[in-house]
Structures are given as C-alpha cells and as structure tokens.
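Asks: Here you go, work_27.tsv (TSV, C-alpha atoms):
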```
chain	number	residue	atom	x	y	z
Y	1317	MET	CA	191.01	-43.48	4.52
Y	1318	GLU	CA	189.64	-45.92	1.94
Y	1319	SER	CA	188.93	-44.23	-1.35
Y	1320	ASN	CA	186.08	-45.09	-3.70
Y	1321	ASN	CA	188.53	-45.19	-6.59
Y	1322	PRO	CA	191.51	-47.06	-5.22
Y	1323	ILE	CA	194.72	-47.13	-7.26
Y	1324	LYS	CA	195.08	-50.65	-8.64
Y	1325	LYS	CA	198.04	-50.21	-10.92
Y	1326	VAL	CA	200.84	-47.67	-11.37
Y	1327	ASN	CA	202.96	-47.29	-14.49
Y	1328	ILE	CA	206.04	-45.31	-13.55
Y	1329	ILE	CA	208.23	-43.68	-16.19
Y	1330	CYS	CA	211.79	-42.74	-15.27
Y	1331	ALA	CA	213.58	-40.68	-17.94
Y	1332	LYS	CA	216.51	-39.28	-15.96
Y	1333	ALA	CA	219.57	-40.82	-14.36
Y	1334	ALA	CA	220.04	-38.59	-11.32
Y	1335	ILE	CA	219.78	-40.17	-7.87
Y	1336	GLU	CA	216.62	-38.20	-7.06
Y	1337	ASP	CA	214.88	-39.20	-10.29
Y	1338	VAL	CA	215.76	-42.89	-10.15
Y	1339	TYR	CA	214.97	-43.23	-6.46
Y	1340	ALA	CA	211.65	-41.43	-6.84
Y	1341	ALA	CA	210.66	-44.12	-9.33
Y	1342	LEU	CA	211.99	-46.93	-7.12
Y	1343	VAL	CA	210.30	-45.73	-3.94
Y	1344	LEU	CA	206.99	-45.28	-5.77
Y	1345	GLY	CA	207.28	-48.70	-7.41
Y	1346	ASN	CA	208.29	-50.56	-4.28
Y	1347	GLY	CA	205.71	-48.67	-2.22
Y	1348	ALA	CA	203.06	-49.78	-4.69
Y	1349	VAL	CA	203.81	-53.50	-4.54
Y	1350	MET	CA	204.07	-53.26	-0.74
Y	1351	GLU	CA	200.46	-52.01	-0.75
Y	1352	GLY	CA	199.30	-54.72	-3.09
Y	1353	ILE	CA	199.21	-52.34	-6.08
Y	1354	GLU	CA	200.46	-53.66	-9.41
Y	1355	ALA	CA	203.57	-51.78	-10.62
Y	1356	ASN	CA	205.23	-51.39	-14.01
Y	1357	LEU	CA	208.48	-49.45	-14.17
Y	1358	PHE	CA	209.51	-48.09	-17.54
Y	1359	PHE	CA	213.04	-46.74	-17.94
Y	1360	THR	CA	213.74	-44.50	-20.89
Y	1361	PHE	CA	216.31	-41.96	-22.11
Y	1362	PHE	CA	218.94	-41.24	-19.42
Y	1363	GLY	CA	216.80	-43.22	-16.98
Y	1364	LEU	CA	218.04	-46.35	-18.74
Y	1365	ASP	CA	221.24	-46.05	-16.69
Y	1366	ALA	CA	219.24	-47.37	-13.72
Y	1367	ILE	CA	218.88	-50.75	-15.45
Y	1368	VAL	CA	222.23	-50.90	-17.27
Y	1369	LYS	CA	224.30	-53.46	-15.39
Y	1370	LYS	CA	227.55	-51.51	-15.32
Y	1371	ARG	CA	225.97	-48.23	-14.31
Y	1372	MET	CA	222.92	-48.99	-12.18
Y	1373	ASP	CA	224.52	-48.91	-8.74
Y	1374	LYS	CA	226.57	-45.77	-9.33
Y	1375	PRO	CA	223.99	-43.02	-9.86
Y	1376	HIS	CA	225.08	-39.39	-9.51
Y	1377	THR	CA	223.31	-36.21	-8.60
Y	1378	ALA	CA	224.05	-32.86	-10.26
Y	1379	VAL	CA	226.35	-30.60	-8.26
Y	1380	VAL	CA	226.15	-27.78	-10.83
Y	1381	GLY	CA	222.80	-26.18	-11.52
Y	1382	ASN	CA	221.13	-27.93	-8.60
Y	1383	PRO	CA	219.73	-25.20	-6.34
Y	1384	GLY	CA	218.43	-27.75	-3.85
Y	1385	LEU	CA	221.88	-29.10	-3.08
Y	1386	ARG	CA	223.35	-27.92	0.21
Y	1387	LEU	CA	226.64	-28.36	1.98
Y	1388	PRO	CA	226.75	-30.02	5.40
Y	1389	GLY	CA	225.53	-27.22	7.65
Y	1390	GLY	CA	222.84	-26.02	5.25
Y	1391	LEU	CA	224.61	-23.48	3.01
Y	1392	ARG	CA	223.86	-23.76	-0.68
Y	1393	MET	CA	226.50	-25.53	-2.74
Y	1394	PRO	CA	228.18	-22.74	-4.78
Y	1395	THR	CA	228.13	-23.52	-8.50
Y	1396	LEU	CA	231.88	-22.89	-8.77
Y	1397	LEU	CA	232.55	-25.48	-6.06
Y	1398	GLY	CA	230.59	-27.99	-8.12
Y	1399	VAL	CA	233.01	-27.73	-11.04
Y	1400	ILE	CA	235.95	-29.06	-8.99
Y	1401	PRO	CA	236.90	-32.47	-10.44
Y	1402	GLY	CA	235.55	-35.31	-8.31
Y	1403	MET	CA	233.01	-33.11	-6.53
Y	1404	GLU	CA	230.04	-34.79	-8.20
Y	1405	ALA	CA	231.29	-38.30	-7.43
Y	1406	MET	CA	232.05	-37.39	-3.81
Y	1407	THR	CA	228.71	-35.65	-3.23
Y	1408	SER	CA	226.83	-38.53	-4.85
Y	1409	SER	CA	228.58	-41.20	-2.81
Y	1410	MET	CA	227.94	-39.19	0.39
Y	1411	MET	CA	224.28	-38.99	-0.54
Y	1412	LEU	CA	224.06	-42.73	-1.25
Y	1413	SER	CA	225.76	-43.62	2.01
Y	1414	SER	CA	223.39	-41.43	4.02
Y	1415	MET	CA	220.50	-43.13	2.21
Y	1416	GLU	CA	221.94	-46.54	3.06
Y	1417	LYS	CA	221.79	-45.53	6.74
Y	1418	LEU	CA	218.04	-45.08	6.32
Y	1419	ASP	CA	217.85	-48.64	4.93
Y	1420	ILE	CA	217.39	-47.37	1.35
Y	1421	PRO	CA	219.03	-50.08	-0.77
Y	1422	PRO	CA	221.29	-49.70	-3.83
Y	1423	VAL	CA	219.43	-49.55	-7.16
Y	1424	SER	CA	219.90	-53.23	-8.09
Y	1425	GLU	CA	218.72	-54.45	-4.67
Y	1426	PHE	CA	215.77	-52.03	-4.76
Y	1427	LEU	CA	214.74	-53.42	-8.16
Y	1428	GLU	CA	215.02	-56.96	-6.75
Y	1429	LEU	CA	212.62	-55.99	-3.94
Y	1430	ILE	CA	210.15	-54.62	-6.50
Y	1431	LYS	CA	210.43	-57.79	-8.59
Y	1432	ALA	CA	209.99	-59.96	-5.49
Y	1433	GLY	CA	206.69	-58.20	-4.94
Y	1434	GLY	CA	205.53	-58.93	-8.47
Y	1435	GLY	CA	206.51	-55.57	-10.03
Y	1436	LYS	CA	207.73	-55.45	-13.62
Y	1437	VAL	CA	210.73	-53.60	-15.04
Y	1438	TYR	CA	210.89	-52.51	-18.69
Y	1439	ALA	CA	213.33	-50.71	-20.95
Y	1440	CYS	CA	212.37	-48.28	-23.72
Y	1441	LYS	CA	213.21	-49.59	-27.17
Y	1442	LEU	CA	213.80	-46.20	-28.76
Y	1443	ALA	CA	216.20	-45.11	-26.01
Y	1444	MET	CA	218.03	-48.44	-26.27
Y	1445	ASP	CA	218.55	-47.81	-29.99
Y	1446	MET	CA	219.63	-44.22	-29.36
Y	1447	PHE	CA	222.30	-45.16	-26.84
Y	1448	LYS	CA	223.21	-48.34	-28.76
Y	1449	PHE	CA	222.45	-50.62	-25.83
Y	1450	THR	CA	221.67	-54.29	-26.35
Y	1451	LYS	CA	219.75	-56.61	-24.06
Y	1452	GLU	CA	223.11	-57.91	-22.80
Y	1453	ASP	CA	223.87	-54.46	-21.36
Y	1454	LEU	CA	220.70	-54.56	-19.27
Y	1455	TRP	CA	220.17	-55.92	-15.79
Y	1456	ASP	CA	219.35	-59.64	-16.14
Y	1457	ASP	CA	215.91	-59.36	-14.53
Y	1458	VAL	CA	214.50	-56.75	-16.92
Y	1459	ASP	CA	211.12	-58.06	-18.12
Y	1460	GLY	CA	211.31	-56.69	-21.61
Y	1461	VAL	CA	212.09	-53.92	-24.07
Y	1462	LEU	CA	208.96	-52.04	-25.09
Y	1463	THR	CA	207.83	-49.56	-27.70
Y	1464	VAL	CA	205.65	-46.71	-26.51
Y	1465	GLY	CA	202.61	-48.49	-27.92
Y	1466	GLU	CA	203.38	-51.64	-25.97
Y	1467	PHE	CA	203.84	-49.54	-22.85
Y	1468	TYR	CA	200.37	-47.99	-23.26
Y	1469	ALA	CA	198.89	-51.43	-23.89
Y	1470	LEU	CA	200.12	-52.75	-20.57
Y	1471	ALA	CA	199.29	-49.52	-18.73
Y	1472	GLY	CA	195.56	-49.88	-19.35
Y	1473	GLY	CA	192.81	-50.88	-16.96
Y	1474	GLU	CA	190.51	-49.47	-14.31
Y	1475	GLY	CA	192.34	-47.78	-11.45
Y	1476	SER	CA	195.56	-47.62	-13.47
Y	1477	HIS	CA	197.74	-44.51	-13.37
Y	1478	ILE	CA	200.76	-43.25	-15.27
Y	1479	ILE	CA	203.41	-41.42	-13.23
Y	1480	PHE	CA	206.36	-39.56	-14.74
Y	1481	THR	CA	209.11	-38.95	-12.23
F	678	MET	CA	190.69	-46.91	21.21
F	679	THR	CA	188.70	-49.98	20.23
F	680	GLN	CA	188.60	-53.39	21.84
F	681	ILE	CA	188.25	-56.64	19.94
F	682	ARG	CA	187.88	-60.17	21.23
F	683	TYR	CA	190.26	-62.72	19.70
F	684	ALA	CA	190.59	-66.33	20.91
F	685	GLY	CA	188.66	-65.50	24.07
F	686	VAL	CA	190.87	-62.52	24.99
F	687	THR	CA	189.92	-58.85	24.77
F	688	VAL	CA	192.67	-56.77	23.17
F	689	ASP	CA	193.17	-53.06	22.47
F	690	VAL	CA	193.48	-52.06	18.84
F	691	ASN	CA	193.53	-48.79	16.90
F	692	GLU	CA	190.98	-47.80	14.25
F	693	GLU	CA	192.82	-49.91	11.63
F	694	GLY	CA	192.89	-53.02	13.80
F	695	TYR	CA	196.56	-52.84	14.82
F	696	PHE	CA	197.44	-53.72	18.41
F	697	THR	CA	198.18	-50.76	20.67
F	698	ASN	CA	199.54	-53.09	23.36
F	699	PRO	CA	201.71	-55.82	21.76
F	700	SER	CA	202.00	-57.67	25.11
F	701	GLN	CA	198.34	-58.73	24.78
F	702	TRP	CA	199.27	-60.84	21.73
F	703	THR	CA	199.34	-64.66	21.73
F	704	LYS	CA	199.85	-67.24	18.99
F	705	ASP	CA	196.17	-68.18	19.14
F	706	ILE	CA	195.21	-64.56	18.59
F	707	ALA	CA	197.57	-64.44	15.59
F	708	ALA	CA	195.84	-67.43	14.06
F	709	GLU	CA	192.44	-65.72	14.37
F	710	ILE	CA	193.60	-62.43	12.83
F	711	ALA	CA	195.28	-64.37	10.04
F	712	LYS	CA	192.03	-66.22	9.37
F	713	GLU	CA	190.28	-62.85	8.91
F	714	GLU	CA	192.95	-62.03	6.31
F	715	GLY	CA	192.43	-65.40	4.64
F	716	ILE	CA	195.76	-66.85	5.77
F	717	VAL	CA	196.38	-70.15	7.54
F	718	LEU	CA	199.53	-69.76	9.64
F	719	THR	CA	202.37	-72.25	9.22
F	720	ASP	CA	205.63	-72.59	11.15
F	721	GLN	CA	207.25	-70.34	8.55
F	722	HIS	CA	204.63	-67.65	9.21
F	723	TYR	CA	205.21	-67.90	12.96
F	724	ALA	CA	208.99	-67.69	12.50
F	725	ILE	CA	208.75	-64.45	10.55
F	726	ILE	CA	206.12	-63.08	12.95
F	727	GLU	CA	208.54	-63.72	15.82
F	728	PHE	CA	211.30	-61.96	13.86
F	729	LEU	CA	209.04	-58.93	13.34
F	730	ARG	CA	208.02	-58.86	17.02
F	731	ASN	CA	211.63	-59.08	18.17
F	732	ARG	CA	212.65	-56.30	15.83
F	733	HIS	CA	209.82	-54.14	17.08
F	734	ASN	CA	210.66	-54.87	20.73
F	735	ASN	CA	214.28	-53.86	20.05
F	736	GLY	CA	213.05	-50.56	18.63
F	737	GLU	CA	214.33	-51.35	15.13
F	738	ALA	CA	212.46	-50.00	12.12
F	739	LEU	CA	210.61	-52.50	9.98
F	740	SER	CA	211.08	-52.41	6.25
F	741	ILE	CA	210.50	-54.88	3.47
F	742	ARG	CA	214.29	-54.97	3.03
F	743	SER	CA	214.80	-56.17	6.61
F	744	ILE	CA	213.00	-59.42	5.74
F	745	ASN	CA	215.97	-60.37	3.53
F	746	HIS	CA	218.22	-60.03	6.58
F	747	SER	CA	215.97	-62.20	8.74
F	748	GLY	CA	217.73	-65.41	7.76
F	749	ILE	CA	214.29	-67.06	7.70
F	750	ILE	CA	212.82	-66.26	4.31
F	751	ASP	CA	213.50	-63.94	1.39
F	752	VAL	CA	211.23	-61.09	0.32
F	753	LYS	CA	209.66	-63.12	-2.50
F	754	THR	CA	208.53	-65.81	-0.07
F	755	PHE	CA	207.29	-63.08	2.28
F	756	TYR	CA	204.98	-61.82	-0.49
F	757	GLN	CA	203.74	-65.38	-0.98
F	758	LEU	CA	203.11	-65.98	2.73
F	759	PHE	CA	201.21	-62.72	3.22
F	760	PRO	CA	199.73	-61.98	-0.23
F	761	GLY	CA	198.75	-58.43	-1.14
F	762	ALA	CA	200.29	-56.06	1.33
F	763	PRO	CA	202.70	-58.33	3.22
F	764	LEU	CA	204.31	-55.97	5.72
F	765	LYS	CA	200.96	-54.48	6.72
F	766	LYS	CA	199.29	-57.88	7.07
F	767	ALA	CA	202.22	-59.49	8.87
F	768	THR	CA	202.54	-56.70	11.44
F	769	LYS	CA	198.80	-56.77	12.07
F	770	ILE	CA	198.91	-60.52	12.67
F	771	ALA	CA	202.07	-60.09	14.78
F	772	GLY	CA	200.24	-57.69	17.10
F	773	ILE	CA	202.62	-54.79	16.55
F	774	PRO	CA	202.00	-51.27	15.16
F	775	LYS	CA	201.73	-50.68	11.43
F	776	PRO	CA	205.20	-49.77	10.10
F	777	SER	CA	205.59	-46.12	9.17
F	778	SER	CA	208.48	-46.82	6.80
F	779	CYS	CA	208.34	-45.99	3.06
F	780	ILE	CA	210.66	-48.84	2.17
```
So that I can check it, write out the structure of this file as structure tokens.
Replies:
Amino acid sequence: MESNNPIKKVNIICAKAAIEDVYAALVLGNGAVMEGIEANLFFTFFGLDAIVKKRMDKPHTAVVGNPGLRLPGGLRMPTLLGVIPGMEAMTSSMMLSSMEKLDIPPVSEFLELIKAGGGKVYACKLAMDMFKFTKEDLWDDVDGVLTVGEFYALAGGEGSHIIFT
Amino acid sequence: MTQIRYAGVTVDVNEEGYFTNPSQWTKDIAAEIAKEEGIVLTDQHYAIIEFLRNRHNNGEALSIRSINHSGIIDVKTFYQLFPGAPLKKATKIAGIPKPSSCI
C-alpha cells in the first residue's frame, strides 16, 4: 500500500471547539506522528479553547442543531430536549466518558502524546487578539503564536498537506 | 503467508512482515528484525517489547497511550527508542500483529 507520493507532513487547522472538531484534529495529529509523519496543529477561532488551560479538558458538543446526535437506543435527540439546562454538559460528559473507555485520552493528555512524538502545537495570533487571550492563558507546551503568514511558511515542503477539520 | 528465516529459525509472517504466530518469536529473532530497522536493542527495548507481548497475550489493545501506563518508559522515550513509527516498529520486533488502533 506504499504510495509514490507519501504524506510527509500534515498541517492541521482546528477552528471549532466542539468535541468532534477538536478530537478530529487530535486523532489526525497523533496518528500522523505515530506513522512518522511530521505534524503541526494550528488552533484558531473557537478552536483555541482546546489549548486554553482552563477550558481544554472540558469540551462540549452541541445538543441543539446537531442532527447526528442520538439518545441511547438510537432515537434522534429532539431539539427541545437539548434546551433543558444542563443537557449539553451531561451529554458531553457522557460522550467523553465513553471515549475514555476506548482509551481516547482527555485533550491535554492527547496533546502531550502528540508533542512526545515530535508534533507541534500553535495558536492563531488573530484569534488570540479577538478573544483577548494572552500566552499565560494557553497550555504551557504550546510552541508558539503564529500569524497566518507564519503558518504558511512552516506548512511548506514536498509531501506537505493542509487539513481543515 | 510468507516465511522468513531469522537467527536460524523459519517463522511465519504476513505480507508486511508481522508475525502470524507470536510463539515462534525469540529474543535473538527480535535483535535481527531490529537490525533491519536500524535499531540496536538495549535492555530498555527488551523491557518494553516484553510489555507489548504480555499485553497482546492478555488480549489487551495496544495504543501509544498504553506505553505511558507501562511503568517502564514514557511515550517520548518510546519515540526515541523506536524512531519514526514506534508502535509499528516495536510490535514488528516484538513478533506480534500490527496494532489496529487509531490512538
């Protein structure tokens, strides 16, 4: 299954904070370093929550306007049920605990695994300014805060790909 | 099914070189496979290989995260011991099937 144009580097952009968006980026990033592929993770906009110390390990998923969300048993989650206070937190924590059973780690531990494999984690400068975050708000192991130009500069090279989750 | 000779023993492997019969594995065989991968095995390598084999024999899934729970080395050291694709290389050298996990 060897390809003539193997992927050598992936540059993964995560712009949303929902469990499914953040974990898509983390699984792709960790999967890359596990295969010996260089990985850069770039968190921007609401995706920044995944590298903000106080928020990173408490991601939520949308319980309103999420047609893919189902109740135990397989029925679709009715939108009106989603508006009940606490429903989003409860659903999200149930989802995270069922992921934990599959050995899917919390966000901070997942990022540590990626870093252990040589992956890099970056924050978007513009989004930091927008949400008035400082470097002190970020996870300690973030490699840097980049402008879009700096992101493109490090995303270059043969066999390099940009992925937007 | 392919057969390869390692350290004077003929073993069964799949098309990617992973053992299909982990009981055919010996430490000498491990050293030869490691050499093909450009790795010289140390005691630390053997300790983690034994951990992986035990986990496989107990029917437990192998993931990169499980290395942190091994009590032998952390994931960063694992990447240093088996550079490139550590879990794939380590399981190949350990004579067990390639992990099908995404984590």
Asks: Would you give me, as a tab-separated table, each residue of chain Y having an atom within 10 Å of an atom of chain F, along with its shortest atom pair and that distance in Å to one decimal, using all atoms listed in the file and sorting by chain and residue number?
Replies:
```
residue	atom	partner	partner_atom	distance
Y:Met1317	CA	F:Glu693	CA	9.8
Y:Leu1342	CA	F:Ile780	CA	9.6
Y:Val1343	CA	F:Ile780	CA	6.9
Y:Leu1344	CA	F:Cys779	CA	9.0
Y:Asn1346	CA	F:Ile780	CA	7.1
Y:Gly1347	CA	F:Cys779	CA	6.5
Y:Ala1348	CA	F:Ala762	CA	9.1
Y:Val1349	CA	F:Ala762	CA	7.3
Y:Met1350	CA	F:Ala762	CA	5.1
Y:Glu1351	CA	F:Ala762	CA	4.6
Y:Gly1352	CA	F:Gly761	CA	4.2
Y:Ile1353	CA	F:Gly761	CA	7.9
Y:Glu1354	CA	F:Gly761	CA	9.7
Y:Leu1418	CA	F:Ile780	CA	9.3
Y:Asp1419	CA	F:Arg742	CA	7.5
Y:Ile1420	CA	F:Ile780	CA	6.9
Y:Pro1421	CA	F:Arg742	CA	7.8
Y:Glu1425	CA	F:Arg742	CA	8.9
Y:Phe1426	CA	F:Arg742	CA	8.5
Y:Glu1428	CA	F:Val752	CA	9.0
Y:Leu1429	CA	F:Val752	CA	6.8
Y:Ile1430	CA	F:Lys753	CA	9.4
Y:Lys1431	CA	F:Lys753	CA	8.1
Y:Ala1432	CA	F:Lys753	CA	4.4
Y:Gly1433	CA	F:Tyr756	CA	6.0
Y:Gly1434	CA	F:Lys753	CA	8.4
```
Asks: Figure out the distance between CA of Lys704 (chain F) and CA of Arg732 (chain F), please, to one decimal in Å.
Replies: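 These atoms are spaced 17.1 Å apart.
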Asks: Work out how far CA of Glu737 (chain F) is from CA of Glu713 (chain F), in Å to one decimal.
Replies: 27.4 Å
Asks: Skip His1376 (chain Y) itself and residues of its chain fewer than 3 positions away, then list as an mmCIF file with C-alpha atoms, in the frame of the given file all residues within 7 Å of it, counting only C-alpha atoms.
Replies:
```
data_model
loop_
_atom_site.group_PDB
_atom_site.id
_atom_site.type_symbol
_atom_site.label_atom_id
_atom_site.label_comp_id
_atom_site.auth_asym_id
_atom_site.auth_seq_id
_atom_site.Cartn_x
_atom_site.Cartn_y
_atom_site.Cartn_z
ATOM 1 C CA ALA Y 1334 220.040 -38.590 -11.320
ATOM 2 C CA ILE Y 1335 219.780 -40.170 -7.870
ATOM 3 C CA GLU Y 1404 230.040 -34.790 -8.200
ATOM 4 C CA ALA Y 1405 231.290 -38.300 -7.430
ATOM 5 C CA SER Y 1408 226.830 -38.530 -4.850
#
```
Asks: At a cut-off of 9 Å, using only C-alpha atoms, what residues contact Ile725 (chain F)? Leave out same-chain residues fewer than 6 positions from it and give the result as a PDB file with C-alpha atoms, keeping the file's coordinate frame.
Replies:
```
ATOM      1  CA  ILE F 744     213.000 -59.420   5.740  1.00  0.00           C
ATOM      2  CA  SER F 747     215.970 -62.200   8.740  1.00  0.00           C
ATOM      3  CA  ILE F 749     214.290 -67.060   7.700  1.00  0.00           C
ATOM      4  CA  ILE F 750     212.820 -66.260   4.310  1.00  0.00           C
ATOM      5  CA  PHE F 755     207.290 -63.080   2.280  1.00  0.00           C
ATOM      6  CA  ALA F 767     202.220 -59.490   8.870  1.00  0.00           C
TER       7      ALA F 767
END
```
Asks: In Å, rounded to a single decimal, give me how far CA of Ala1331 (chain Y) is from CA of Gly1363 (chain Y).
Replies: 4.2 Å
Asks: Using the file's own x, y and z axes, what box holds all listed atoms of region 1369-1386 of chain Y with 6 Å on each side, keeping edges along x, y and z, and what are its centre and edge lengths in Å to one decimal, as lines of an AutoDock Vina configuration file?
Replies:
```
center_x = 223.0
center_y = -39.3
center_z = -7.6
size_x = 21.1
size_y = 40.3
size_z = 27.6
```
Asks: Starting from the sparse input, extend region 1434-1452 of chain Y to N, CA and C atoms and give the output as a PDB file, keeping the file's coordinate frame.
Replies:
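File result.pdb, as written:
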```pdb
ATOM      1  N   GLY Y1434     206.353 -58.745  -7.274  1.00  0.00           N
ATOM      2  CA  GLY Y1434     205.530 -58.930  -8.470  1.00  0.00           C
ATOM      3  C   GLY Y1434     205.590 -57.756  -9.441  1.00  0.00           C
ATOM      4  N   GLY Y1435     206.387 -56.722  -9.127  1.00  0.00           N
ATOM      5  CA  GLY Y1435     206.510 -55.570 -10.030  1.00  0.00           C
ATOM      6  C   GLY Y1435     207.281 -55.948 -11.289  1.00  0.00           C
ATOM      7  N   LYS Y1436     207.072 -55.174 -12.346  1.00  0.00           N
ATOM      8  CA  LYS Y1436     207.730 -55.450 -13.620  1.00  0.00           C
ATOM      9  C   LYS Y1436     208.644 -54.276 -14.007  1.00  0.00           C
ATOM     10  N   VAL Y1437     209.741 -54.606 -14.669  1.00  0.00           N
ATOM     11  CA  VAL Y1437     210.730 -53.600 -15.040  1.00  0.00           C
ATOM     12  C   VAL Y1437     210.964 -53.659 -16.556  1.00  0.00           C
ATOM     13  N   TYR Y1438     210.754 -52.537 -17.238  1.00  0.00           N
ATOM     14  CA  TYR Y1438     210.890 -52.510 -18.690  1.00  0.00           C
ATOM     15  C   TYR Y1438     211.869 -51.432 -19.153  1.00  0.00           C
ATOM     16  N   ALA Y1439     212.462 -51.688 -20.311  1.00  0.00           N
ATOM     17  CA  ALA Y1439     213.330 -50.710 -20.950  1.00  0.00           C
ATOM     18  C   ALA Y1439     212.641 -50.167 -22.183  1.00  0.00           C
ATOM     19  N   CYS Y1440     212.954 -48.922 -22.535  1.00  0.00           N
ATOM     20  CA  CYS Y1440     212.370 -48.280 -23.720  1.00  0.00           C
ATOM     21  C   CYS Y1440     213.192 -48.641 -24.948  1.00  0.00           C
ATOM     22  N   LYS Y1441     212.519 -49.136 -25.967  1.00  0.00           N
ATOM     23  CA  LYS Y1441     213.210 -49.590 -27.170  1.00  0.00           C
ATOM     24  C   LYS Y1441     213.923 -48.448 -27.890  1.00  0.00           C
ATOM     25  N   LEU Y1442     213.229 -47.330 -28.037  1.00  0.00           N
ATOM     26  CA  LEU Y1442     213.800 -46.200 -28.760  1.00  0.00           C
ATOM     27  C   LEU Y1442     215.080 -45.695 -28.081  1.00  0.00           C
ATOM     28  N   ALA Y1443     215.026 -45.590 -26.755  1.00  0.00           N
ATOM     29  CA  ALA Y1443     216.200 -45.110 -26.010  1.00  0.00           C
ATOM     30  C   ALA Y1443     217.348 -46.121 -26.109  1.00  0.00           C
ATOM     31  N   MET Y1444     217.000 -47.405 -26.121  1.00  0.00           N
ATOM     32  CA  MET Y1444     218.030 -48.440 -26.270  1.00  0.00           C
ATOM     33  C   MET Y1444     218.752 -48.263 -27.610  1.00  0.00           C
ATOM     34  N   ASP Y1445     217.966 -48.003 -28.663  1.00  0.00           N
ATOM     35  CA  ASP Y1445     218.550 -47.810 -29.990  1.00  0.00           C
ATOM     36  C   ASP Y1445     219.413 -46.547 -30.021  1.00  0.00           C
ATOM     37  N   MET Y1446     218.903 -45.489 -29.394  1.00  0.00           N
ATOM     38  CA  MET Y1446     219.630 -44.220 -29.360  1.00  0.00           C
ATOM     39  C   MET Y1446     221.007 -44.347 -28.730  1.00  0.00           C
ATOM     40  N   PHE Y1447     221.036 -45.033 -27.585  1.00  0.00           N
ATOM     41  CA  PHE Y1447     222.300 -45.160 -26.840  1.00  0.00           C
ATOM     42  C   PHE Y1447     223.077 -46.423 -27.241  1.00  0.00           C
ATOM     43  N   LYS Y1448     222.557 -47.133 -28.250  1.00  0.00           N
ATOM     44  CA  LYS Y1448     223.210 -48.340 -28.760  1.00  0.00           C
ATOM     45  C   LYS Y1448     223.439 -49.383 -27.655  1.00  0.00           C
ATOM     46  N   PHE Y1449     222.402 -49.559 -26.831  1.00  0.00           N
ATOM     47  CA  PHE Y1449     222.450 -50.620 -25.830  1.00  0.00           C
ATOM     48  C   PHE Y1449     221.824 -51.878 -26.417  1.00  0.00           C
ATOM     49  N   THR Y1450     222.318 -53.038 -25.990  1.00  0.00           N
ATOM     50  CA  THR Y1450     221.670 -54.290 -26.350  1.00  0.00           C
ATOM     51  C   THR Y1450     221.114 -54.898 -25.069  1.00  0.00           C
ATOM     52  N   LYS Y1451     220.336 -55.958 -25.234  1.00  0.00           N
ATOM     53  CA  LYS Y1451     219.750 -56.610 -24.060  1.00  0.00           C
ATOM     54  C   LYS Y1451     220.835 -57.090 -23.092  1.00  0.00           C
ATOM     55  N   GLU Y1452     222.001 -57.417 -23.642  1.00  0.00           N
ATOM     56  CA  GLU Y1452     223.110 -57.910 -22.800  1.00  0.00           C
ATOM     57  C   GLU Y1452     223.621 -56.825 -21.856  1.00  0.00           C
TER      58      GLU Y1452
END
```
